[in-house]
file structure05.cif (mmCIF, C-alpha atoms)
data_run
#
loop_
_atom_site.label_atom_id
_atom_site.label_comp_id
_atom_site.auth_asym_id
_atom_site.auth_seq_id
_atom_site.Cartn_x
_atom_site.Cartn_y
_atom_site.Cartn_z
CA MET A 8 86.40 89.81 81.72
CA SER A 9 90.07 89.32 82.33
CA VAL A 10 91.51 89.58 85.82
CA THR A 11 95.11 90.43 86.68
CA GLU A 12 96.12 89.92 90.28
CA LEU A 13 98.73 92.17 91.82
CA ASN A 14 99.48 90.29 95.01
CA LEU A 15 101.85 92.32 97.16
CA ALA A 16 101.45 90.92 100.68
CA CYS A 17 99.57 88.46 102.87
CA CYS A 18 96.13 89.29 101.37
CA ALA A 19 97.38 87.37 98.31
CA VAL A 20 96.18 84.14 99.92
CA GLU A 21 92.55 85.27 100.14
CA ALA A 22 92.64 87.26 96.89
CA ALA A 23 93.92 84.31 94.85
CA GLU A 24 91.31 82.01 96.37
CA GLY A 25 88.59 84.60 95.74
CA VAL A 26 89.50 85.11 92.09
CA HIS A 27 89.51 81.35 91.69
CA LEU A 28 86.03 81.11 93.27
CA TRP A 29 84.81 83.79 90.88
CA ARG A 30 86.22 81.87 87.89
CA VAL A 31 84.61 78.54 88.77
CA LYS A 32 81.30 79.30 90.47
CA PRO A 33 78.44 79.08 87.94
CA GLU A 34 76.55 82.04 89.44
CA PHE A 35 79.53 84.31 88.69
CA VAL A 36 80.61 82.80 85.37
CA ALA A 37 77.39 83.62 83.49
CA ALA A 38 77.58 87.34 84.30
CA ALA A 39 81.31 87.45 83.52
CA LEU A 40 80.87 85.90 80.09
CA ALA A 41 78.17 88.43 79.19
CA VAL A 42 80.53 91.40 79.69
CA GLU A 43 81.21 92.96 76.27
CA PRO A 44 83.72 94.31 75.32
CA THR A 45 86.21 92.54 77.59
CA LEU A 46 86.71 94.41 80.86
CA HIS A 47 90.26 94.24 82.19
CA VAL A 48 90.30 94.17 85.97
CA LEU A 49 93.33 94.72 88.20
CA VAL A 50 92.96 93.24 91.69
CA VAL A 51 95.48 94.90 94.01
CA ALA A 52 95.91 92.90 97.22
CA GLY A 53 98.31 93.72 100.03
CA THR A 54 100.42 96.55 101.37
CA VAL A 55 101.65 98.99 98.74
CA THR A 56 105.01 100.35 99.80
CA LYS A 57 106.32 103.64 98.45
CA ALA A 58 109.03 101.65 96.65
CA ASN A 59 106.27 99.67 94.89
CA ALA A 60 104.02 102.63 94.10
CA ASP A 61 105.38 103.05 90.59
CA LEU A 62 104.90 99.34 89.89
CA VAL A 63 101.22 99.64 90.83
CA ARG A 64 100.78 102.76 88.71
CA ARG A 65 102.44 101.11 85.68
CA SER A 66 100.42 97.91 86.12
CA TYR A 67 97.29 100.02 85.80
CA GLU A 68 98.54 102.15 82.91
CA GLU A 69 99.50 99.11 80.87
CA LEU A 70 96.06 97.48 81.23
CA PRO A 71 94.03 97.67 78.02
CA THR A 72 90.78 99.65 78.18
CA PRO A 73 88.05 99.33 79.32
CA ARG A 74 89.59 98.67 82.70
CA ALA A 75 88.68 98.63 86.38
CA VAL A 76 90.52 98.33 89.69
CA VAL A 77 89.56 96.36 92.80
CA ALA A 78 91.36 97.30 96.04
CA PHE A 79 91.44 94.21 98.26
CA GLY A 80 92.06 94.63 101.99
CA VAL A 81 92.49 97.69 104.19
CA CYS A 82 96.18 98.12 103.33
CA THR A 83 95.33 98.96 99.73
CA ILE A 84 92.37 101.12 100.80
CA SER A 85 94.03 103.26 103.47
CA GLY A 86 97.32 101.73 104.57
CA GLY A 87 95.49 99.73 107.25
CA PRO A 88 97.78 98.69 110.15
CA TYR A 89 100.59 100.57 108.39
CA TRP A 90 98.64 103.82 108.01
CA ASP A 91 101.29 105.69 110.03
CA SER A 92 104.33 104.05 108.41
CA TYR A 93 107.04 106.07 106.70
CA SER A 94 107.32 103.53 103.90
CA VAL A 95 103.72 102.66 103.00
CA VAL A 96 101.31 104.37 100.58
CA PRO A 97 98.19 105.36 102.59
CA GLY A 98 95.73 103.99 100.04
CA ILE A 99 96.10 103.30 96.31
CA ALA A 100 93.36 105.81 95.46
CA ASP A 101 96.22 108.35 95.53
CA LEU A 102 97.90 106.45 92.69
CA ILE A 103 95.15 105.05 90.45
CA PRO A 104 91.35 105.30 90.21
CA VAL A 105 89.68 102.54 92.25
CA ASP A 106 86.26 101.13 91.31
CA VAL A 107 85.56 98.76 94.19
CA MET A 108 87.08 98.72 97.66
CA VAL A 109 86.80 95.44 99.56
CA PRO A 110 87.42 96.10 103.28
CA GLY A 111 88.76 93.55 105.75
CA CYS A 112 92.04 92.39 107.22
CA PRO A 113 91.90 90.16 105.30
CA PRO A 114 88.51 90.08 103.59
CA GLN A 115 86.96 86.68 102.89
CA PRO A 116 87.70 85.17 99.44
CA GLN A 117 83.96 85.30 98.77
CA ASP A 118 84.10 89.10 99.10
CA VAL A 119 86.44 89.60 96.13
CA ALA A 120 84.37 87.17 94.05
CA GLU A 121 81.31 89.27 94.82
CA ALA A 122 83.18 92.50 94.04
CA LEU A 123 84.17 91.16 90.61
CA ASN A 124 80.60 90.03 90.06
CA SER A 125 79.32 93.49 90.97
CA LEU A 126 81.61 94.97 88.29
CA ALA A 127 80.21 92.52 85.73
CA LEU A 128 76.61 93.30 86.71
CA ARG A 129 77.32 97.03 86.52
CA VAL A 130 78.60 96.74 82.93
CA ASN A 131 75.77 94.39 81.88
CA ALA A 132 73.06 96.63 83.33
CA MET B 3 113.48 77.41 119.24
CA ILE B 4 114.85 78.64 122.58
CA LEU B 5 116.86 81.84 122.39
CA PRO B 6 120.47 81.49 123.49
CA GLU B 7 121.73 83.52 126.41
CA THR B 8 122.53 87.10 125.50
CA THR B 9 125.89 88.58 126.50
CA THR B 10 126.11 92.33 127.04
CA VAL B 11 129.40 93.56 125.58
CA ALA B 12 131.31 96.83 126.00
CA ALA B 13 132.26 98.77 122.87
CA ASP B 14 135.99 97.98 123.11
CA GLU B 15 135.24 94.23 123.33
CA TRP B 16 132.58 94.17 120.59
CA VAL B 17 134.97 93.00 117.85
CA SER B 18 137.06 90.65 120.02
CA GLN B 19 133.89 89.02 121.37
CA HIS B 20 132.75 88.24 117.84
CA ARG B 21 136.22 87.05 116.80
CA TYR B 22 136.18 84.68 119.79
CA LEU B 23 132.72 83.37 118.81
CA ARG B 24 133.78 82.88 115.20
CA ASP B 25 137.01 81.11 116.19
CA SER B 26 135.10 78.79 118.50
CA GLY B 27 133.03 77.54 115.58
CA LEU B 28 130.04 79.93 115.40
CA ARG B 29 130.91 80.93 111.86
CA PHE B 30 127.48 81.78 110.50
CA PHE B 31 126.53 85.44 110.99
CA ASP B 32 122.75 85.26 111.18
CA LEU B 33 121.66 88.80 111.95
CA LEU B 34 122.35 92.20 113.42
CA VAL B 35 119.37 94.29 114.49
CA ALA B 36 119.01 97.68 116.13
CA VAL B 37 116.20 98.80 118.44
CA ASP B 38 115.72 102.32 119.80
CA LEU B 39 115.30 101.95 123.58
CA GLY B 40 114.39 105.62 124.01
CA ASP B 41 116.41 108.26 125.90
CA GLN B 42 118.88 108.46 122.99
CA VAL B 43 120.02 104.86 123.52
CA THR B 44 119.98 102.26 120.76
CA GLU B 45 120.44 98.55 121.39
CA VAL B 46 122.30 96.53 118.78
CA VAL B 47 121.96 92.73 118.93
CA THR B 48 123.78 90.08 116.90
CA HIS B 49 123.05 86.41 116.52
CA VAL B 50 125.71 83.97 115.31
CA MET B 51 125.58 80.21 115.08
CA SER B 52 127.50 77.12 114.05
CA ALA B 53 126.94 75.84 110.52
CA ASP B 54 124.78 72.96 111.79
CA ALA B 55 122.79 75.40 114.00
CA THR B 56 123.37 73.34 117.13
CA ARG B 57 125.30 76.12 118.91
CA ARG B 58 124.17 79.71 118.93
CA ALA B 59 125.10 82.95 120.69
CA MET B 60 123.61 86.39 120.99
CA SER B 61 125.51 89.53 121.89
CA ARG B 62 124.15 92.96 122.65
CA ILE B 63 125.60 96.41 123.01
CA GLU B 64 124.04 99.72 123.94
CA VAL B 65 125.07 102.75 121.96
CA ARG B 66 124.24 106.38 122.73
CA ARG B 67 123.08 108.57 119.89
CA GLU B 68 126.37 110.48 119.41
CA GLU B 69 128.61 107.40 119.91
CA ARG B 70 129.97 105.00 117.31
CA ILE B 71 130.47 101.27 117.66
CA PRO B 72 133.22 99.33 115.86
CA SER B 73 132.18 97.52 112.70
CA LEU B 74 132.23 93.71 112.58
CA VAL B 75 133.12 93.61 108.88
CA GLU B 76 136.70 92.42 109.46
CA VAL B 77 135.42 89.40 111.45
CA PHE B 78 132.18 88.67 109.59
CA PRO B 79 132.01 90.17 106.07
CA ALA B 80 128.28 89.36 106.14
CA ALA B 81 127.79 92.04 108.79
CA ALA B 82 128.34 94.79 106.20
CA TRP B 83 124.83 94.66 104.81
CA HIS B 84 123.18 94.45 108.25
CA GLU B 85 125.19 97.40 109.50
CA ARG B 86 124.19 99.37 106.43
CA GLU B 87 120.53 98.65 107.23
CA ALA B 88 120.92 99.59 110.91
CA HIS B 89 122.65 102.80 109.84
CA ASP B 90 119.91 103.57 107.35
CA GLU B 91 116.91 102.91 109.59
CA ASN B 92 118.22 103.58 113.11
CA GLY B 93 121.10 105.96 112.45
CA VAL B 94 123.71 103.78 114.19
CA GLU B 95 127.28 104.74 113.20
CA PHE B 96 129.72 101.88 112.62
CA ALA B 97 133.40 102.83 112.71
CA GLY B 98 135.34 100.88 110.10
CA ASN B 99 132.45 100.04 107.77
CA GLY B 100 133.38 101.89 104.59
CA ASP B 101 130.08 101.31 102.83
CA LEU B 102 127.19 102.84 104.75
CA ARG B 103 125.39 104.03 101.62
CA VAL B 104 121.62 104.52 101.80
CA LEU B 105 119.97 101.11 101.49
CA ILE B 106 116.22 101.75 101.57
CA THR B 107 115.34 105.14 102.94
CA ALA B 108 117.17 108.43 103.15
CA ALA B 109 114.78 109.84 105.77
CA ASP B 110 116.15 112.30 108.32
CA PRO B 111 115.88 111.57 111.21
CA PRO B 112 116.16 107.80 110.55
CA PRO B 113 112.59 106.44 110.60
CA LEU B 114 113.01 103.79 113.30
CA GLN B 115 114.30 106.26 115.89
CA ARG B 116 111.55 106.95 118.39
CA SER B 117 112.07 110.67 118.00
CA ALA B 118 111.15 110.45 114.30
CA ALA B 119 107.58 111.70 114.02
CA LEU B 120 105.10 109.46 112.22
CA GLU B 121 103.59 112.16 110.04
CA PRO B 122 100.12 110.61 109.61
CA ARG B 123 99.81 110.49 113.43
CA VAL B 124 100.77 114.16 113.61
CA ASP B 125 98.47 115.21 110.78
CA LYS B 126 95.39 113.31 111.94
CA ALA B 127 93.46 114.53 114.95
CA TRP B 128 93.42 111.90 117.69
CA PRO B 129 89.74 110.91 118.19
CA GLY B 130 90.56 109.98 121.81
CA LEU B 131 91.00 113.63 122.77
CA TYR B 132 87.26 114.18 122.59
CA GLU B 133 85.50 114.24 125.93
CA PRO B 134 81.86 113.05 125.71
CA GLY B 135 79.34 115.66 126.66
CA ALA B 136 81.89 118.48 126.96
CA VAL B 137 80.57 121.91 126.09
CA SER B 138 82.09 123.12 122.83
CA GLY B 139 85.25 125.13 123.48
CA ALA B 140 85.35 124.26 127.19
CA THR B 141 88.71 123.48 128.80
CA ARG B 142 89.27 119.78 129.24
CA ARG B 143 89.59 118.76 132.85
CA ARG B 144 92.42 116.32 132.20
CA ARG B 145 94.33 115.05 129.23
CA PRO B 146 93.61 111.37 128.57
CA LYS B 147 96.58 109.03 128.59
CA PRO B 148 97.48 108.34 124.95
CA VAL B 149 98.17 104.93 123.51
CA PRO B 150 101.51 103.33 124.40
CA GLY B 151 104.17 103.99 121.81
CA VAL B 152 102.59 107.18 120.61
CA ASN B 153 104.58 110.28 121.46
CA GLU B 154 102.36 112.67 123.37
CA GLU B 155 103.81 115.63 121.47
CA TRP B 156 102.22 114.28 118.28
CA ILE B 157 98.74 114.30 119.76
CA ASN B 158 96.77 117.23 118.48
CA GLY B 159 93.33 118.34 117.39
CA GLY B 160 90.41 116.13 118.17
CA ARG B 161 86.87 117.31 118.39
CA GLN B 162 86.37 119.86 121.15
CA MET C 6 77.27 85.26 106.32
CA THR C 7 79.48 83.07 104.19
CA ALA C 8 78.29 79.48 104.29
CA GLY C 9 80.36 77.43 106.70
CA ALA C 10 82.11 80.45 108.22
CA PRO C 11 82.92 79.97 111.89
CA ARG C 12 80.51 81.70 114.23
CA ARG C 13 83.29 83.81 115.77
CA ARG C 14 84.75 84.91 112.45
CA ARG C 15 86.07 88.47 112.41
CA GLY C 16 83.78 89.99 109.82
CA SER C 17 82.57 93.24 111.28
CA ILE C 18 81.91 94.76 114.69
CA GLU C 19 78.54 95.01 116.36
CA LEU C 20 77.61 97.69 118.90
CA ASP C 21 74.93 97.32 121.54
CA ALA C 22 74.24 101.02 122.06
CA ALA C 23 72.19 100.35 125.18
CA LYS C 24 75.27 98.89 126.92
CA CYS C 25 77.70 101.63 125.79
CA THR C 26 78.56 104.17 128.48
CA SER C 27 80.58 106.47 126.13
CA CYS C 28 83.68 105.84 128.26
CA MET C 29 86.01 106.34 125.24
CA ILE C 30 88.29 103.42 126.18
CA CYS C 31 87.88 101.73 122.77
CA VAL C 32 88.51 105.02 120.94
CA ARG C 33 91.72 105.65 122.87
CA GLU C 34 93.04 102.09 122.62
CA CYS C 35 92.46 101.65 118.88
CA PRO C 36 95.93 101.40 117.31
CA VAL C 37 94.79 102.77 113.96
CA TRP C 38 92.57 105.54 115.39
CA CYS C 39 89.61 104.33 113.35
CA ILE C 40 86.82 104.80 115.97
CA GLU C 41 84.99 108.06 116.55
CA LEU C 42 82.41 108.57 119.26
CA VAL C 43 80.04 111.47 119.94
CA ALA C 44 77.77 111.67 122.98
CA ASP C 45 75.33 114.33 124.16
CA LYS C 46 75.15 115.29 127.80
CA THR C 47 71.82 116.05 129.40
CA HIS C 48 71.59 117.47 132.90
CA ASP C 49 68.51 116.98 135.06
CA PRO C 50 68.71 119.57 137.89
CA ASN C 51 65.76 118.04 139.75
CA ALA C 52 67.27 114.58 140.19
CA GLY C 53 69.03 114.40 143.54
CA PRO C 54 70.56 117.29 145.50
CA ARG C 55 73.08 118.28 142.76
CA GLY C 56 71.13 117.06 139.76
CA ARG C 57 72.19 114.21 137.51
CA SER C 58 74.02 114.17 134.17
CA THR C 59 73.51 111.41 131.64
CA LEU C 60 75.37 110.74 128.41
CA GLU C 61 73.49 109.71 125.32
CA LEU C 62 75.47 108.10 122.51
CA THR C 63 74.63 109.80 119.21
CA ASP C 64 77.44 108.61 116.90
CA PHE C 65 79.74 105.60 116.98
CA ARG C 66 81.68 105.38 113.76
CA ILE C 67 84.21 102.73 112.74
CA ASP C 68 86.19 103.42 109.59
CA TYR C 69 86.18 99.96 108.03
CA GLY C 70 88.55 101.28 105.39
CA LEU C 71 91.18 101.46 108.15
CA CYS C 72 90.08 98.89 110.77
CA MET C 73 92.47 95.92 110.88
CA ASP C 74 90.08 93.58 112.71
CA CYS C 75 92.46 93.32 115.68
CA GLY C 76 89.60 93.23 118.22
CA ILE C 77 91.31 95.38 120.86
CA CYS C 78 88.17 97.56 121.15
CA ILE C 79 86.11 94.45 121.86
CA ASP C 80 88.60 93.16 124.43
CA VAL C 81 88.88 96.45 126.35
CA CYS C 82 85.17 97.30 126.41
CA PRO C 83 84.23 97.19 130.12
CA THR C 84 80.51 96.71 129.45
CA ASP C 85 80.74 94.19 126.56
CA ALA C 86 78.93 96.61 124.25
CA LEU C 87 81.12 95.57 121.30
CA ALA C 88 81.17 92.10 119.74
CA TRP C 89 82.27 90.34 116.58
CA LEU C 90 79.66 89.87 113.90
CA PRO C 91 80.45 87.10 111.37
CA VAL C 92 79.24 89.26 108.48
CA SER C 93 81.58 90.92 105.99
CA VAL C 94 81.50 94.68 105.53
CA SER C 95 80.02 95.56 102.12
CA SER C 96 82.37 96.72 99.39
CA ALA C 97 82.19 100.37 98.40
CA ALA C 98 83.25 102.63 95.56
CA ALA C 99 84.88 105.21 97.83
CA ALA C 100 86.86 104.91 101.06
CA SER C 101 84.67 107.54 102.76
CA THR C 102 81.57 105.33 102.53
CA LEU C 103 83.35 102.61 104.54
CA ASN C 104 83.19 104.90 107.59
CA THR C 105 80.14 103.31 109.20
CA ASP C 106 77.94 104.62 111.99
CA LEU C 107 77.00 101.70 114.27
CA VAL C 108 74.38 103.55 116.36
#
call {"tool": "encode", "arguments": {"input": "structure05.cif", "output": "structure tokens"}}
result
Amino acid sequence: MSVTELNLACCAVEAAEGVHLWRVKPEFVAAALAVEPTLHVLVVAGTVTKANADLVRRSYEELPTPRAVVAFGVCTISGGPYWDSYSVVPGIADLIPVDVMVPGCPPQPQDVAEALNSLALRVNA
Amino acid sequence: MILPETTTVAADEWVSQHRYLRDSGLRFFDLLVAVDLGDQVTEVVTHVMSADATRRAMSRIEVRREERIPSLVEVFPAAAWHEREAHDENGVEFAGNGDLRVLITAADPPPLQRSAALEPRVDKAWPGLYEPGAVSGATRRRRPKPVPGVNEEWINGGRQ
Amino acid sequence: MTAGAPRRRRGSIELDAAKCTSCMICVRECPVWCIELVADKTHDPNAGPRGRSTLELTDFRIDYGLCMDCGICIDVCPTDALAWLPVSVSSAAAASTLNTDLV
């Protein structure tokens, strides 16, 4: 599995820590190594503004297949605190297909590690 | 950091006030922000300071929706960008700033004016309008007080 | 619960339905409008001279896909029916499944 982080706002702190946890913890590594062929995962963390929407869409389109998307934090899921803002996308599901949504403001780093692990287990099953 | 005292300035003294501040050594133009106070009045605040940040000053002016305030560009060239932003987001008109091109958003009305409807709030039914135990379709006895900052005209729908 | 997480960590929100009076204060104060509450009214005409009405909470939904963990609902609750739970909300494949009924 290869993971690309798209860190757009404050959730970046937890997302980066979580991806790191997933890379080093033995209980996650075994499942990740068994994924064949390589699954390319895009972790989108933070508020997606309308100005950034195209960047998010292109980041997904340029991922090799097979691919999957993890939406980290409520901003990427629904807009979160900025759900009523004129400048924020109310959820990236409008832009790209999302496989796992990790709720929280912010979620714990452990949560994204478990989300990535659940993707690996789903492919291996 | 303690905020410096804020001086309220009239429109015809807005430029001379800033020229005085600049000439007395406050040569760094830190910021210019606009806030919609409601009732068609927008507050514009500037903050300038000395290069070593030991002396600072804030100035404020109130501008009505149809009025213009003089631009500070001739005193502080750095004000141009801030004025462009305030024009873009709050619709403040600056007389003498020749470059008020759209910076971020071309929304009409400008999005940070309180009269600009937040569309998701208008589109979504406010769950607070529901009255527990009310018979379906019955007239509500009283309208609950909506959340501060939310225009009551936007409130709609809700479960009956 | 994540090992070593503080006891008061803002993971999810817990509802004690027995304490809830369906007063709607949390629903109306929520800045992101993510709480929905439904209560049934039952009227007992034999209790007291004019009868007595009671509200029974049937649905209390928090959309965890929108909730920003601000805790205003917990602070404003007059009967302390809401509290922090140091447990993360489970991930989901669709935003609609994050809308959770706490009753």
call {"tool": "atom_distance", "arguments": {"input": "structure05.cif", "atom1": "atom CA of A:Leu128", "atom2": "atom CA of A:Ala37"}}
result
10.2 Å
call {"tool": "resolve_selection", "arguments": {"input": "structure05.cif", "expression": "the PyMOL selection byres ((chain B) within 6 of (chain C))", "output": "VMD selection string"}}
result
chain B and resid 129 to 130 134 to 135 149
call {"tool": "write_last_selection", "arguments": {"input": "structure05.cif", "atoms": "C-alpha atoms", "output": "mmCIF file, keeping the file's coordinate frame"}}
result
data_model
loop_
_atom_site.group_PDB
_atom_site.id
_atom_site.type_symbol
_atom_site.label_atom_id
_atom_site.label_comp_id
_atom_site.auth_asym_id
_atom_site.auth_seq_id
_atom_site.Cartn_x
_atom_site.Cartn_y
_atom_site.Cartn_z
ATOM 1 C CA PRO B 129 89.740 110.910 118.190
ATOM 2 C CA GLY B 130 90.560 109.980 121.810
ATOM 3 C CA PRO B 134 81.860 113.050 125.710
ATOM 4 C CA GLY B 135 79.340 115.660 126.660
ATOM 5 C CA VAL B 149 98.170 104.930 123.510
#
call {"tool": "interface_residues", "arguments": {"input": "structure05.cif", "of": "chain A", "to": "chain B", "cutoff": "10 Å", "atoms": "only C-alpha atoms", "output": "PyMOL selection string"}}
result
chain A and resi 58+90-94+97
call {"tool": "interface_residues", "arguments": {"input": "structure05.cif", "of": "chain C", "to": "chain A", "cutoff": "9 Å", "atoms": "all atoms listed in the file", "output": "list of chain:residue names"}}
result
C:Thr7, C:Arg15, C:Gly16, C:Ser17, C:Pro36, C:Val37, C:Tyr69, C:Gly70, C:Leu71, C:Cys72, C:Met73, C:Asp74, C:Cys75, C:Ser93, C:Val94, C:Ser95, C:Ser96, C:Ala97, C:Ala98, C:Ala99, C:Ala100, C:Leu103
call {"tool": "resolve_selection", "arguments": {"input": "structure05.cif", "expression": "the PyMOL selection byres ((chain B and resi 19-29) around 12)", "output": "mmCIF file with C-alpha atoms, keeping the file's coordinate frame"}}
result
data_model
loop_
_atom_site.group_PDB
_atom_site.id
_atom_site.type_symbol
_atom_site.label_atom_id
_atom_site.label_comp_id
_atom_site.auth_asym_id
_atom_site.auth_seq_id
_atom_site.Cartn_x
_atom_site.Cartn_y
_atom_site.Cartn_z
ATOM 1 C CA THR B 9 125.890 88.580 126.500
ATOM 2 C CA THR B 10 126.110 92.330 127.040
ATOM 3 C CA VAL B 11 129.400 93.560 125.580
ATOM 4 C CA ALA B 12 131.310 96.830 126.000
ATOM 5 C CA ALA B 13 132.260 98.770 122.870
ATOM 6 C CA ASP B 14 135.990 97.980 123.110
ATOM 7 C CA GLU B 15 135.240 94.230 123.330
ATOM 8 C CA TRP B 16 132.580 94.170 120.590
ATOM 9 C CA VAL B 17 134.970 93.000 117.850
ATOM 10 C CA SER B 18 137.060 90.650 120.020
ATOM 11 C CA PHE B 30 127.480 81.780 110.500
ATOM 12 C CA PHE B 31 126.530 85.440 110.990
ATOM 13 C CA ASP B 32 122.750 85.260 111.180
ATOM 14 C CA LEU B 34 122.350 92.200 113.420
ATOM 15 C CA VAL B 47 121.960 92.730 118.930
ATOM 16 C CA THR B 48 123.780 90.080 116.900
ATOM 17 C CA HIS B 49 123.050 86.410 116.520
ATOM 18 C CA VAL B 50 125.710 83.970 115.310
ATOM 19 C CA MET B 51 125.580 80.210 115.080
ATOM 20 C CA SER B 52 127.500 77.120 114.050
ATOM 21 C CA ALA B 53 126.940 75.840 110.520
ATOM 22 C CA ASP B 54 124.780 72.960 111.790
ATOM 23 C CA ALA B 55 122.790 75.400 114.000
ATOM 24 C CA THR B 56 123.370 73.340 117.130
ATOM 25 C CA ARG B 57 125.300 76.120 118.910
ATOM 26 C CA ARG B 58 124.170 79.710 118.930
ATOM 27 C CA ALA B 59 125.100 82.950 120.690
ATOM 28 C CA MET B 60 123.610 86.390 120.990
ATOM 29 C CA SER B 61 125.510 89.530 121.890
ATOM 30 C CA ARG B 62 124.150 92.960 122.650
ATOM 31 C CA ILE B 63 125.600 96.410 123.010
ATOM 32 C CA PRO B 72 133.220 99.330 115.860
ATOM 33 C CA SER B 73 132.180 97.520 112.700
ATOM 34 C CA LEU B 74 132.230 93.710 112.580
ATOM 35 C CA VAL B 75 133.120 93.610 108.880
ATOM 36 C CA GLU B 76 136.700 92.420 109.460
ATOM 37 C CA VAL B 77 135.420 89.400 111.450
ATOM 38 C CA PHE B 78 132.180 88.670 109.590
ATOM 39 C CA PRO B 79 132.010 90.170 106.070
ATOM 40 C CA ALA B 80 128.280 89.360 106.140
ATOM 41 C CA ALA B 81 127.790 92.040 108.790
#
call {"tool": "atom_distance", "arguments": {"input": "structure05.cif", "atom1": "atom CA of B:Val94", "atom2": "atom CA of B:Leu39"}}
result
12.7 Å
call {"tool": "atom_distance", "arguments": {"input": "structure05.cif", "atom1": "atom CA of B:Lys147", "atom2": "atom CA of B:Arg116"}}
result
18.2 Å
call {"tool": "residues_near_point", "arguments": {"input": "structure05.cif", "point": "(90.5, 101.8, 76.8)", "cutoff": "12 Å", "atoms": "all atoms listed in the file", "output": "PyMOL selection string"}}
result
chain A and resi 44-48+67-75
call {"tool": "resolve_selection", "arguments": {"input": "structure05.cif", "expression": "the PyMOL selection byres ((chain A and resi 36) around 12)", "output": "tab-separated table (two decimals) with C-alpha atoms, in the frame of the given file"}}
result
chain	number	residue	atom	x	y	z
A	8	MET	CA	86.40	89.81	81.72
A	9	SER	CA	90.07	89.32	82.33
A	26	VAL	CA	89.50	85.11	92.09
A	27	HIS	CA	89.51	81.35	91.69
A	28	LEU	CA	86.03	81.11	93.27
A	29	TRP	CA	84.81	83.79	90.88
A	30	ARG	CA	86.22	81.87	87.89
A	31	VAL	CA	84.61	78.54	88.77
A	32	LYS	CA	81.30	79.30	90.47
A	33	PRO	CA	78.44	79.08	87.94
A	34	GLU	CA	76.55	82.04	89.44
A	35	PHE	CA	79.53	84.31	88.69
A	37	ALA	CA	77.39	83.62	83.49
A	38	ALA	CA	77.58	87.34	84.30
A	39	ALA	CA	81.31	87.45	83.52
A	40	LEU	CA	80.87	85.90	80.09
A	41	ALA	CA	78.17	88.43	79.19
A	42	VAL	CA	80.53	91.40	79.69
A	120	ALA	CA	84.37	87.17	94.05
A	121	GLU	CA	81.31	89.27	94.82
A	123	LEU	CA	84.17	91.16	90.61
A	124	ASN	CA	80.60	90.03	90.06
A	127	ALA	CA	80.21	92.52	85.73
A	128	LEU	CA	76.61	93.30	86.71
call {"tool": "decode", "arguments": {"input": "structure05.cif", "residues": "stretch 100-139 of chain B", "atoms": "C-alpha atoms", "output": "PDB file, in the first residue's frame"}}
result
ATOM      1  CA  GLY B 100      -7.241  52.443  -8.572  1.00  0.00           C
ATOM      2  CA  ASP B 101      -6.879  48.690  -8.232  1.00  0.00           C
ATOM      3  CA  LEU B 102      -9.904  47.147  -6.535  1.00  0.00           C
ATOM      4  CA  ARG B 103      -9.931  44.079  -8.779  1.00  0.00           C
ATOM      5  CA  VAL B 104     -11.517  40.893  -7.426  1.00  0.00           C
ATOM      6  CA  LEU B 105      -9.019  39.218  -5.109  1.00  0.00           C
ATOM      7  CA  ILE B 106     -10.679  36.012  -3.923  1.00  0.00           C
ATOM      8  CA  THR B 107     -14.396  35.997  -4.460  1.00  0.00           C
ATOM      9  CA  ALA B 108     -16.698  37.777  -6.863  1.00  0.00           C
ATOM     10  CA  ALA B 109     -19.814  37.007  -4.788  1.00  0.00           C
ATOM     11  CA  ASP B 110     -22.668  39.516  -4.832  1.00  0.00           C
ATOM     12  CA  PRO B 111     -23.510  40.675  -2.213  1.00  0.00           C
ATOM     13  CA  PRO B 112     -19.987  40.499  -0.707  1.00  0.00           C
ATOM     14  CA  PRO B 113     -19.921  37.388   1.497  1.00  0.00           C
ATOM     15  CA  LEU B 114     -18.884  39.014   4.784  1.00  0.00           C
ATOM     16  CA  GLN B 115     -21.789  41.461   4.789  1.00  0.00           C
ATOM     17  CA  ARG B 116     -24.346  40.306   7.322  1.00  0.00           C
ATOM     18  CA  SER B 117     -27.098  40.658   4.761  1.00  0.00           C
ATOM     19  CA  ALA B 118     -25.425  38.043   2.537  1.00  0.00           C
ATOM     20  CA  ALA B 119     -27.377  34.822   3.053  1.00  0.00           C
ATOM     21  CA  LEU B 120     -25.378  31.729   3.965  1.00  0.00           C
ATOM     22  CA  GLU B 121     -27.023  29.406   1.466  1.00  0.00           C
ATOM     23  CA  PRO B 122     -26.541  26.142   3.385  1.00  0.00           C
ATOM     24  CA  ARG B 123     -28.342  27.732   6.365  1.00  0.00           C
ATOM     25  CA  VAL B 124     -31.203  28.752   4.075  1.00  0.00           C
ATOM     26  CA  ASP B 125     -31.395  25.385   2.336  1.00  0.00           C
ATOM     27  CA  LYS B 126     -31.265  23.226   5.453  1.00  0.00           C
ATOM     28  CA  ALA B 127     -34.275  23.044   7.736  1.00  0.00           C
ATOM     29  CA  TRP B 128     -33.396  24.288  11.222  1.00  0.00           C
ATOM     30  CA  PRO B 129     -33.889  21.310  13.587  1.00  0.00           C
ATOM     31  CA  GLY B 130     -34.597  23.769  16.428  1.00  0.00           C
ATOM     32  CA  LEU B 131     -37.952  24.715  14.926  1.00  0.00           C
ATOM     33  CA  TYR B 132     -39.416  21.378  15.967  1.00  0.00           C
ATOM     34  CA  GLU B 133     -41.559  21.484  19.068  1.00  0.00           C
ATOM     35  CA  PRO B 134     -41.525  18.182  21.009  1.00  0.00           C
ATOM     36  CA  GLY B 135     -44.878  16.509  21.244  1.00  0.00           C
ATOM     37  CA  ALA B 136     -46.616  18.951  18.884  1.00  0.00           C
ATOM     38  CA  VAL B 137     -49.443  17.453  16.862  1.00  0.00           C
ATOM     39  CA  SER B 138     -48.450  17.215  13.204  1.00  0.00           C
ATOM     40  CA  GLY B 139     -49.512  20.330  11.312  1.00  0.00           C
TER      41      GLY B 139
END
